[in-house]
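*Asks:* This is the content of entry33.cif (mmCIF, C-alpha atoms):
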```
data_run
loop_
_atom_site.label_atom_id
_atom_site.label_comp_id
_atom_site.auth_asym_id
_atom_site.auth_seq_id
_atom_site.Cartn_x
_atom_site.Cartn_y
_atom_site.Cartn_z
CA MET O 1 -49.29 -74.37 -82.23
CA SER O 2 -46.50 -71.84 -82.39
CA GLY O 3 -43.52 -72.30 -80.10
CA SER O 4 -43.66 -68.57 -79.36
CA TYR O 5 -46.64 -69.08 -77.06
CA GLY O 6 -45.51 -69.02 -73.44
CA ARG O 7 -42.11 -67.40 -73.98
CA GLY O 8 -41.37 -65.31 -70.93
CA LEU O 9 -44.25 -66.77 -68.94
CA LEU O 10 -43.67 -68.29 -65.52
CA HIS O 11 -43.82 -72.08 -65.39
CA LEU O 12 -44.48 -74.02 -62.19
CA ALA O 13 -44.34 -77.72 -61.38
CA ALA O 14 -44.39 -79.73 -58.18
CA ALA O 15 -43.33 -83.13 -56.90
CA VAL O 16 -46.00 -85.37 -55.37
CA ASP O 17 -43.63 -87.94 -53.87
CA GLN O 18 -44.91 -89.81 -50.82
CA VAL O 19 -42.36 -92.24 -49.43
CA GLY O 20 -43.91 -95.61 -48.66
CA VAL O 21 -47.29 -94.74 -50.22
CA PHE O 22 -48.42 -96.99 -53.07
CA ASP O 23 -52.17 -96.26 -53.14
CA ALA O 24 -52.97 -94.44 -56.39
CA GLU O 25 -55.90 -92.61 -54.76
CA ARG O 26 -53.48 -90.82 -52.43
CA TYR O 27 -51.66 -89.53 -55.48
CA VAL O 28 -54.88 -88.58 -57.26
CA GLU O 29 -55.69 -86.29 -54.32
CA LEU O 30 -52.35 -84.48 -54.54
CA VAL O 31 -52.34 -84.22 -58.33
CA ARG O 32 -55.86 -82.78 -58.34
CA LEU O 33 -54.72 -80.21 -55.78
CA ALA O 34 -51.81 -79.23 -58.03
CA GLU O 35 -54.17 -79.10 -61.02
CA SER O 36 -56.48 -76.73 -59.14
CA GLY O 37 -53.57 -74.28 -59.02
CA GLY O 38 -52.91 -74.52 -62.76
CA LEU O 39 -49.43 -76.03 -62.40
CA ASP O 40 -47.77 -77.14 -65.64
CA PHE O 41 -46.97 -80.63 -64.39
CA VAL O 42 -46.31 -82.86 -61.41
CA THR O 43 -43.46 -85.32 -60.99
CA LEU O 44 -43.32 -88.66 -59.24
CA ASP O 45 -39.86 -89.93 -58.38
CA GLY O 46 -38.77 -93.51 -59.00
CA ARG O 47 -35.68 -93.40 -56.83
CA PHE O 48 -37.29 -94.16 -53.47
CA GLY O 49 -37.16 -97.93 -53.85
CA TRP O 50 -40.71 -98.71 -54.94
CA ALA O 51 -41.80 -102.12 -53.70
CA GLU O 52 -45.33 -102.51 -55.01
CA SER O 53 -45.54 -100.18 -57.97
CA ASP O 54 -43.59 -97.63 -60.01
CA PRO O 55 -44.16 -94.00 -61.04
CA LEU O 56 -45.25 -94.84 -64.58
CA THR O 57 -47.89 -97.28 -63.33
CA VAL O 58 -49.15 -94.88 -60.66
CA LEU O 59 -49.43 -91.96 -63.07
CA SER O 60 -51.21 -94.16 -65.60
CA GLN O 61 -53.85 -94.67 -62.90
CA VAL O 62 -53.87 -90.97 -62.02
CA ALA O 63 -54.35 -89.87 -65.66
CA PRO O 64 -58.07 -90.75 -66.03
CA ALA O 65 -58.85 -88.96 -62.76
CA THR O 66 -57.33 -85.66 -63.92
CA ARG O 67 -57.93 -83.46 -66.93
CA ARG O 68 -55.21 -80.94 -67.74
CA ILE O 69 -52.08 -81.16 -65.61
CA GLY O 70 -48.93 -82.78 -67.02
CA LEU O 71 -47.69 -86.09 -65.56
CA VAL O 72 -43.95 -86.78 -65.44
CA PRO O 73 -42.52 -89.97 -63.91
CA LEU O 74 -38.94 -89.32 -62.78
CA ALA O 75 -37.73 -92.80 -63.56
CA PRO O 76 -36.04 -94.35 -66.59
CA ALA O 77 -38.66 -96.06 -68.75
CA PRO O 78 -38.86 -97.51 -72.25
CA GLN O 79 -39.90 -94.94 -74.80
CA ALA O 80 -42.91 -97.05 -75.75
CA ALA O 81 -44.15 -96.96 -72.14
CA ALA O 82 -43.86 -93.18 -72.05
CA VAL O 83 -45.76 -92.94 -75.33
CA ARG O 84 -48.54 -95.11 -73.87
CA LEU O 85 -48.83 -92.79 -70.85
CA ASP O 86 -49.01 -89.85 -73.25
CA GLU O 87 -51.84 -91.54 -75.14
CA VAL O 88 -53.74 -92.45 -71.96
CA SER O 89 -53.44 -88.90 -70.64
CA GLY O 90 -54.31 -87.16 -73.89
CA GLY O 91 -50.89 -85.63 -74.50
CA ARG O 92 -50.04 -84.75 -70.91
CA ALA O 93 -47.08 -87.08 -70.27
CA GLY O 94 -43.42 -86.36 -69.81
CA TRP O 95 -40.50 -88.74 -70.31
CA TRP O 96 -37.55 -88.69 -67.92
CA SER O 97 -34.21 -88.95 -69.70
CA GLU O 98 -30.84 -89.62 -67.89
CA ALA O 99 -27.69 -88.36 -70.54
CA PRO O 100 -30.89 -87.99 -73.26
CA GLY O 101 -30.38 -88.95 -76.95
CA PRO O 102 -32.34 -88.77 -80.19
CA ALA O 103 -35.78 -90.37 -80.27
CA GLU O 104 -38.21 -90.86 -83.13
CA GLU O 105 -41.36 -90.34 -81.12
CA CYS O 106 -41.83 -89.35 -77.51
CA PRO O 107 -43.75 -87.03 -75.22
CA VAL O 108 -42.19 -84.00 -73.51
CA ARG O 109 -38.64 -84.90 -72.49
CA VAL O 110 -37.43 -83.90 -69.03
CA ALA O 111 -33.81 -84.13 -67.91
CA ASP O 112 -31.73 -83.25 -64.85
CA ALA O 113 -29.13 -80.74 -66.03
CA THR O 114 -27.62 -79.90 -62.64
CA GLU O 115 -24.33 -81.67 -63.32
CA GLU O 116 -22.17 -80.08 -65.99
CA ALA O 117 -21.71 -83.35 -67.88
CA ALA O 118 -25.48 -83.60 -68.41
CA ARG O 119 -25.94 -80.12 -69.84
CA ARG O 120 -24.91 -80.62 -73.47
CA PRO O 121 -27.19 -83.62 -74.09
CA ALA O 122 -30.02 -81.95 -72.15
CA ALA O 123 -29.66 -78.79 -74.21
CA ARG O 124 -29.69 -80.79 -77.45
CA TYR O 125 -32.54 -83.21 -76.79
CA ALA O 126 -34.64 -82.24 -73.74
CA ASP O 127 -37.70 -80.02 -73.67
CA VAL O 128 -37.40 -79.26 -69.95
CA ALA O 129 -34.15 -79.12 -67.97
CA LEU O 130 -34.32 -79.27 -64.17
CA VAL O 131 -31.48 -77.55 -62.34
CA ARG O 132 -30.74 -77.40 -58.61
CA ALA O 133 -29.46 -73.91 -57.81
CA ALA O 134 -29.03 -72.07 -54.50
CA SER O 135 -29.02 -68.53 -55.90
CA SER O 136 -30.48 -66.62 -58.81
CA ALA O 137 -26.96 -65.91 -60.05
CA GLN O 138 -26.10 -69.61 -60.12
CA ALA O 139 -29.38 -70.42 -61.89
CA ALA O 140 -28.76 -67.71 -64.48
CA VAL O 141 -25.29 -69.03 -65.28
CA VAL O 142 -26.62 -72.55 -65.86
CA ARG O 143 -29.57 -71.31 -67.91
CA ASP O 144 -27.26 -69.26 -70.13
CA GLU O 145 -24.95 -72.26 -70.56
CA LEU O 146 -27.84 -74.52 -71.54
CA ARG O 147 -29.14 -72.00 -74.06
CA SER O 148 -25.66 -71.62 -75.52
CA HIS O 149 -25.36 -75.40 -75.92
CA ALA O 150 -28.82 -75.50 -77.50
CA ARG O 151 -27.78 -72.87 -80.04
CA GLU O 152 -24.58 -74.78 -80.84
CA SER O 153 -26.62 -77.93 -81.50
CA GLY O 154 -28.84 -76.13 -83.99
CA ARG O 155 -31.84 -75.57 -81.72
CA GLU O 156 -33.61 -72.34 -80.95
CA PRO O 157 -32.54 -71.62 -77.34
CA GLU O 158 -36.08 -70.68 -76.37
CA GLU O 159 -37.29 -74.18 -77.26
CA LEU O 160 -35.77 -75.32 -73.95
CA ARG O 161 -37.51 -74.63 -70.64
CA VAL O 162 -35.10 -74.37 -67.69
CA LEU O 163 -36.70 -74.85 -64.29
CA VAL O 164 -35.00 -74.53 -60.91
CA SER O 165 -35.68 -77.58 -58.75
CA LEU O 166 -36.09 -76.42 -55.15
CA MET O 167 -37.12 -78.21 -51.97
CA VAL O 168 -39.64 -76.17 -49.96
CA ASP O 169 -40.62 -76.38 -46.29
CA LEU O 170 -43.56 -74.04 -45.72
CA GLY O 171 -43.75 -75.06 -42.06
CA ASP O 172 -46.35 -73.27 -39.98
CA GLY O 173 -47.71 -71.00 -42.67
CA GLU O 174 -47.22 -67.24 -42.76
CA ARG O 175 -43.92 -66.43 -41.12
CA ALA O 176 -40.74 -64.71 -42.16
CA ALA O 177 -38.18 -66.79 -44.00
CA GLU O 178 -35.31 -68.03 -41.86
CA PRO O 179 -31.84 -66.51 -42.37
CA GLY O 180 -30.37 -67.87 -45.57
CA HIS O 181 -33.81 -68.41 -47.10
CA GLY O 182 -36.46 -66.17 -48.64
CA GLY O 183 -35.18 -63.13 -50.48
CA GLY O 184 -31.61 -64.11 -49.66
CA GLY O 185 -32.03 -67.36 -51.55
CA PRO O 186 -32.34 -70.99 -50.47
CA ARG O 187 -29.88 -72.72 -48.19
CA GLN O 188 -27.66 -75.45 -49.62
CA THR O 189 -28.16 -78.81 -47.90
CA VAL O 190 -26.88 -82.33 -48.56
CA GLN O 191 -30.17 -82.99 -50.38
CA GLY O 192 -29.98 -79.83 -52.45
CA PRO O 193 -31.17 -76.23 -52.12
CA LEU O 194 -33.90 -75.81 -49.49
CA TYR O 195 -36.30 -72.92 -48.94
CA ARG O 196 -37.79 -72.74 -45.45
CA GLY O 197 -40.27 -69.96 -44.79
CA GLY O 198 -43.79 -68.81 -45.60
CA PRO O 199 -45.79 -68.95 -48.85
CA VAL O 200 -45.59 -65.16 -49.32
CA ASP O 201 -41.79 -65.01 -49.19
CA LEU O 202 -41.64 -68.00 -51.54
CA ALA O 203 -43.81 -66.10 -54.01
CA GLU O 204 -41.39 -63.16 -53.77
CA LEU O 205 -38.42 -65.44 -54.43
CA ILE O 206 -40.11 -67.03 -57.45
CA ALA O 207 -41.18 -63.67 -58.86
CA SER O 208 -37.77 -62.05 -58.41
CA TRP O 209 -35.72 -64.93 -59.89
CA HIS O 210 -38.03 -65.09 -62.88
CA ALA O 211 -38.01 -61.32 -63.38
CA GLU O 212 -34.20 -61.36 -63.32
CA GLY O 213 -34.21 -63.90 -66.16
CA ALA O 214 -32.50 -66.51 -64.01
CA THR O 215 -35.05 -69.23 -64.76
CA ASP O 216 -38.17 -70.02 -66.78
CA GLY O 217 -39.85 -71.33 -63.64
CA PHE O 218 -39.62 -73.69 -60.70
CA HIS O 219 -40.01 -77.35 -59.91
CA LEU O 220 -40.94 -77.35 -56.23
CA VAL O 221 -40.41 -80.40 -54.02
CA PRO O 222 -42.50 -80.22 -50.82
CA ALA O 223 -40.81 -81.33 -47.60
CA GLU O 224 -44.19 -82.56 -46.33
CA PRO O 225 -46.32 -83.43 -49.38
CA ARG O 226 -49.89 -82.75 -48.29
CA ARG O 227 -49.18 -79.77 -46.02
CA ASP O 228 -46.70 -77.96 -48.25
CA LEU O 229 -48.49 -78.58 -51.55
CA GLU O 230 -51.71 -77.16 -50.10
CA ARG O 231 -49.89 -74.06 -48.83
CA LEU O 232 -48.08 -73.77 -52.13
CA VAL O 233 -51.28 -73.82 -54.18
CA ASN O 234 -53.50 -71.78 -51.85
CA GLY O 235 -50.80 -69.35 -50.78
CA THR O 236 -47.83 -68.96 -53.12
CA VAL O 237 -49.58 -69.75 -56.41
CA ALA O 238 -52.68 -67.76 -55.49
CA LEU O 239 -50.52 -64.71 -54.78
CA LEU O 240 -48.63 -65.07 -58.07
CA GLN O 241 -51.97 -65.35 -59.89
CA HIS O 242 -53.30 -62.28 -58.10
CA ARG O 243 -50.26 -60.33 -59.25
CA GLY O 244 -50.77 -61.50 -62.82
CA LEU O 245 -47.53 -63.50 -62.86
CA PHE O 246 -49.07 -66.95 -63.29
CA ARG O 247 -52.09 -68.17 -65.24
CA THR O 248 -55.46 -68.75 -63.62
CA PHE O 249 -56.60 -71.38 -66.13
CA TYR O 250 -55.17 -73.83 -68.66
CA PRO O 251 -55.41 -72.38 -72.18
CA GLY O 252 -54.74 -75.82 -73.69
CA SER O 253 -55.01 -79.50 -72.84
CA THR O 254 -51.51 -80.90 -73.42
CA LEU O 255 -48.24 -80.53 -71.56
CA ARG O 256 -46.63 -79.04 -74.66
CA GLU O 257 -49.30 -76.35 -74.70
CA HIS O 258 -48.80 -75.61 -71.00
CA LEU O 259 -45.07 -75.16 -71.59
CA GLY O 260 -45.54 -73.18 -74.81
CA LEU O 261 -43.57 -75.70 -76.86
CA ALA O 262 -43.98 -76.45 -80.55
CA ARG O 263 -45.06 -79.96 -81.48
CA ARG O 264 -42.30 -82.30 -82.58
CA ALA O 265 -41.86 -83.05 -86.28
CA ASP O 266 -43.17 -86.59 -85.84
CA GLN O 267 -46.30 -85.24 -84.18
CA LEU O 268 -46.81 -82.63 -86.91
CA ALA O 269 -46.71 -85.39 -89.50
CA ALA O 270 -49.33 -87.44 -87.69
CA PRO O 271 -52.96 -87.19 -88.84
#
```
I need this file expressed as structure tokens, please.

*Replies:*
Amino acid sequence: MSGSYGRGLLHLAAAVDQVGVFDAERYVELVRLAESGGLDFVTLDGRFGWAESDPLTVLSQVAPATRRIGLVPLAPAPQAAAVRLDEVSGGRAGWWSEAPGPAEECPVRVADATEEAARRPAARYADVALVRAASSAQAAVVRDELRSHARESGREPEELRVLVSLMVDLGDGERAAEPGHGGGGPRQTVQGPLYRGGPVDLAELIASWHAEGATDGFHLVPAEPRRDLERLVNGTVALLQHRGLFRTFYPGSTLREHLGLARRADQLAAP
């Protein structure tokens, strides 16, 4: 498919982390909820000290129970393991890369590009760069820097999707955003930028940052997984869909198609 598909479109992803939960069925429930909203992908973090399982294993169990949504374990893993998840999920896997390098064959590569030292390698090798930013101006500066690095490395800048990673606390539903949140932007906390307010104001924030060209989309991390993801899908995403800013169905079946990315050369050569 052409890499031009999806340029300028809003991309949305969400974390489904549940601290201390190792039952795959609990994750299936959340991922299906995210899939019902048409989100590009979900992430599962591997930095919570998993005792009984790991994100790659959990998402391998989630894959057969879902159909379209992308699955990205945020944990270092061998490339072969990421390729297996991609095969099991029918092309829906992502591979988390910390300081990413060249790879012969891999699914969609996701990297944290918040720190300046990580931006050049992310711009050269990653497909999706996650960035924690507390204002649209800050996000725009980082996005421009990443695109500049991508151009310097010989890539088309638009081959890289830059998503703002933002914690969200949707609390008690429809209410005005607290001072420092909402239209004024998230509040910086020790854990990163945090939005605390209602689903409607969150939709306004997402729409305005995207319209300003500050970001290609958002990776949203719910403060309370079940509550906030449900309000995100049924409130924020539904409003964005109603306004024609986010898709109402998946036009393809792979994560690359959701993100509007061209297939890698190794995939194009495959039968």

*Asks:* Hey, can you pull every residue with an atom no more than 7 Å from (-39.5, -78.1, -50.0), using all atoms listed in the file, and send it as a CSV table (one decimal) with C-alpha atoms, keeping the file's coordinate frame?

*Replies:*
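Final file, result_27.csv:
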```csv
chain,number,residue,atom,x,y,z
O,166,LEU,CA,-36.1,-76.4,-55.2
O,167,MET,CA,-37.1,-78.2,-52.0
O,168,VAL,CA,-39.6,-76.2,-50.0
O,169,ASP,CA,-40.6,-76.4,-46.3
O,194,LEU,CA,-33.9,-75.8,-49.5
O,195,TYR,CA,-36.3,-72.9,-48.9
O,220,LEU,CA,-40.9,-77.4,-56.2
O,221,VAL,CA,-40.4,-80.4,-54.0
O,222,PRO,CA,-42.5,-80.2,-50.8
O,223,ALA,CA,-40.8,-81.3,-47.6
```

*Asks:* Please, what distance in Å, to one decimal, runs between CA of Ala211 (chain O) and CA of Leu71 (chain O)?

*Replies:*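 Taking CA of Ala211 (chain O) and CA of Leu71 (chain O), their separation equals 26.7 Å.
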
*Asks:* Could you tell me which residues the PyMOL selection byres ((chain O and resi 111) around 10) grabs in this file, written as a PyMOL selection string?

*Replies:* chain O and resi 74+95-100+109-110+112-114+118-119+121-123+125-131+162

*Asks:* Quick check on the file I pasted: which residues fall under the PyMOL selection byres ((chain O and resi 73) around 6)? Write them as number ranges by chain.

*Replies:* O: 43-44, 55-56, 72, 74-75

*Asks:* Just the selected residues (C-alpha atoms), exported as a PDB file, in the frame of the given file, please.

*Replies:*
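Saved the output as result_6.pdb:
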```pdb
ATOM      1  CA  THR O  43     -43.460 -85.320 -60.990  1.00  0.00           C
ATOM      2  CA  LEU O  44     -43.320 -88.660 -59.240  1.00  0.00           C
ATOM      3  CA  PRO O  55     -44.160 -94.000 -61.040  1.00  0.00           C
ATOM      4  CA  LEU O  56     -45.250 -94.840 -64.580  1.00  0.00           C
ATOM      5  CA  VAL O  72     -43.950 -86.780 -65.440  1.00  0.00           C
ATOM      6  CA  LEU O  74     -38.940 -89.320 -62.780  1.00  0.00           C
ATOM      7  CA  ALA O  75     -37.730 -92.800 -63.560  1.00  0.00           C
TER       8      ALA O  75
END
```

*Asks:* Set out as JSON lines a contact list for region 112-202 of chain O and region 229-238 of chain O with a cut-off of 9 Å, giving each residue of region 112-202 of chain O that qualifies its closest atom pair and distance in Å to one decimal, counting only C-alpha atoms, ordered by chain and rising residue number.

*Replies:*
```
{"residue": "O:Leu170", "atom": "CA", "partner": "O:Arg231", "partner_atom": "CA", "distance": 7.1}
{"residue": "O:Gly173", "atom": "CA", "partner": "O:Arg231", "partner_atom": "CA", "distance": 7.2}
{"residue": "O:Gly198", "atom": "CA", "partner": "O:Thr236", "partner_atom": "CA", "distance": 8.5}
{"residue": "O:Pro199", "atom": "CA", "partner": "O:Thr236", "partner_atom": "CA", "distance": 4.7}
{"residue": "O:Val200", "atom": "CA", "partner": "O:Thr236", "partner_atom": "CA", "distance": 5.8}
{"residue": "O:Asp201", "atom": "CA", "partner": "O:Thr236", "partner_atom": "CA", "distance": 8.2}
{"residue": "O:Leu202", "atom": "CA", "partner": "O:Thr236", "partner_atom": "CA", "distance": 6.5}
```

*Asks:* To one decimal place, how far is CA of Ser135 (chain O) from CA of Gly70 (chain O) in Å?

*Replies:* 26.9 Å

*Asks:* Take CA of Arg120 (chain O) and CA of Val141 (chain O) and report the distance between them in Å, one decimal.

*Replies:*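 Value for the CA of Arg120 (chain O)-CA of Val141 (chain O) distance: 14.2 Å.
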
*Asks:* Would you please work out which residue, of O:His11, O:Arg26, O:His258, O:Arg243, is nearest to Gly217 (chain O) when using only C-alpha atoms?

*Replies:*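 Checking each candidate against Gly217 (chain O), we get O:His11 as the closest.
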
*Asks:* What lies within 12 Å of Arg247 (chain O) using only C-alpha atoms, ignoring chain neighbours under 4 positions off, as a ChimeraX atom specification?

*Replies:* /O:6,9-12,35-40,237-243,251-252,258-259

*Asks:* From the set O:Ser136, O:Ser60, O:Thr66, O:Ser165, which residue has the shortest atom-to-atom contact distance to Ala13 (chain O), counting only C-alpha atoms?

*Replies:*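 Among the listed residues, O:Ser165 lies closest to Ala13 (chain O).
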
*Asks:* Neighbours of Ala140 (chain O) within 10 Å (all atoms listed in the file; same-chain residues fewer than 2 positions away dropped), as a PDB file with C-alpha atoms, keeping the file's coordinate frame?

*Replies:*
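Contents of part_6.pdb, freshly written:
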```pdb
ATOM      1  CA  ALA O 133     -29.460 -73.910 -57.810  1.00  0.00           C
ATOM      2  CA  SER O 135     -29.020 -68.530 -55.900  1.00  0.00           C
ATOM      3  CA  SER O 136     -30.480 -66.620 -58.810  1.00  0.00           C
ATOM      4  CA  ALA O 137     -26.960 -65.910 -60.050  1.00  0.00           C
ATOM      5  CA  GLN O 138     -26.100 -69.610 -60.120  1.00  0.00           C
ATOM      6  CA  VAL O 142     -26.620 -72.550 -65.860  1.00  0.00           C
ATOM      7  CA  ARG O 143     -29.570 -71.310 -67.910  1.00  0.00           C
ATOM      8  CA  ASP O 144     -27.260 -69.260 -70.130  1.00  0.00           C
ATOM      9  CA  GLU O 145     -24.950 -72.260 -70.560  1.00  0.00           C
ATOM     10  CA  LEU O 146     -27.840 -74.520 -71.540  1.00  0.00           C
ATOM     11  CA  VAL O 162     -35.100 -74.370 -67.690  1.00  0.00           C
ATOM     12  CA  VAL O 164     -35.000 -74.530 -60.910  1.00  0.00           C
ATOM     13  CA  TRP O 209     -35.720 -64.930 -59.890  1.00  0.00           C
ATOM     14  CA  HIS O 210     -38.030 -65.090 -62.880  1.00  0.00           C
ATOM     15  CA  GLU O 212     -34.200 -61.360 -63.320  1.00  0.00           C
ATOM     16  CA  GLY O 213     -34.210 -63.900 -66.160  1.00  0.00           C
ATOM     17  CA  ALA O 214     -32.500 -66.510 -64.010  1.00  0.00           C
ATOM     18  CA  THR O 215     -35.050 -69.230 -64.760  1.00  0.00           C
ATOM     19  CA  ASP O 216     -38.170 -70.020 -66.780  1.00  0.00           C
TER      20      ASP O 216
END
```

*Asks:* Of the candidates O:Ile69, O:Ala139, O:Leu261, O:Gly20, which shows the shortest atom-to-atom distance to Pro157 (chain O), using all atoms listed in the file?

*Replies:*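 Closest to Pro157 (chain O), using all atoms listed in the file: O:Leu261.
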
*Asks:* Report the residues retrieved by the PyMOL selection byres ((chain O and resi 67) around 12) from the displayed file, expressed as a PyMOL selection string.

*Replies:* chain O and resi 28+31-32+34-36+38+41+62-66+68-71+88-93+250+252-255

*Asks:* Skip region 225-227 of chain O itself and residues of its chain fewer than 5 positions away, then list as a list in words all residues within 9 Å of it, counting only C-alpha atoms.

*Replies:* Ala15, Val16, Asp17, Gln18, Leu30, Leu170, Gly171 and Leu232 of chain O

*Asks:* Restricted to C-alpha atoms, what would the selected residues look like written as an mmCIF file, in the frame of the given file?

*Replies:*
```
data_model
loop_
_atom_site.group_PDB
_atom_site.id
_atom_site.type_symbol
_atom_site.label_atom_id
_atom_site.label_comp_id
_atom_site.auth_asym_id
_atom_site.auth_seq_id
_atom_site.Cartn_x
_atom_site.Cartn_y
_atom_site.Cartn_z
ATOM 1 C CA ALA O 15 -43.330 -83.130 -56.900
ATOM 2 C CA VAL O 16 -46.000 -85.370 -55.370
ATOM 3 C CA ASP O 17 -43.630 -87.940 -53.870
ATOM 4 C CA GLN O 18 -44.910 -89.810 -50.820
ATOM 5 C CA LEU O 30 -52.350 -84.480 -54.540
ATOM 6 C CA LEU O 170 -43.560 -74.040 -45.720
ATOM 7 C CA GLY O 171 -43.750 -75.060 -42.060
ATOM 8 C CA LEU O 232 -48.080 -73.770 -52.130
#
```

*Asks:* Nearest residue to Leu59 (chain O) out of O:Arg84, O:Gln79, O:Ala24, O:Thr189, using only C-alpha atoms?

*Replies:*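 Ranking O:Arg84, O:Gln79, O:Ala24, O:Thr189 by distance to Leu59 (chain O), first place goes to O:Ala24.
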
*Asks:* Using all atoms listed in the file for the distances, tell me which of O:Leu33, O:Ala82, O:Pro193, O:Val19 is nearest to Asp228 (chain O).

*Replies:*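 Answer, going by the shortest atom-to-atom distance: O:Leu33.
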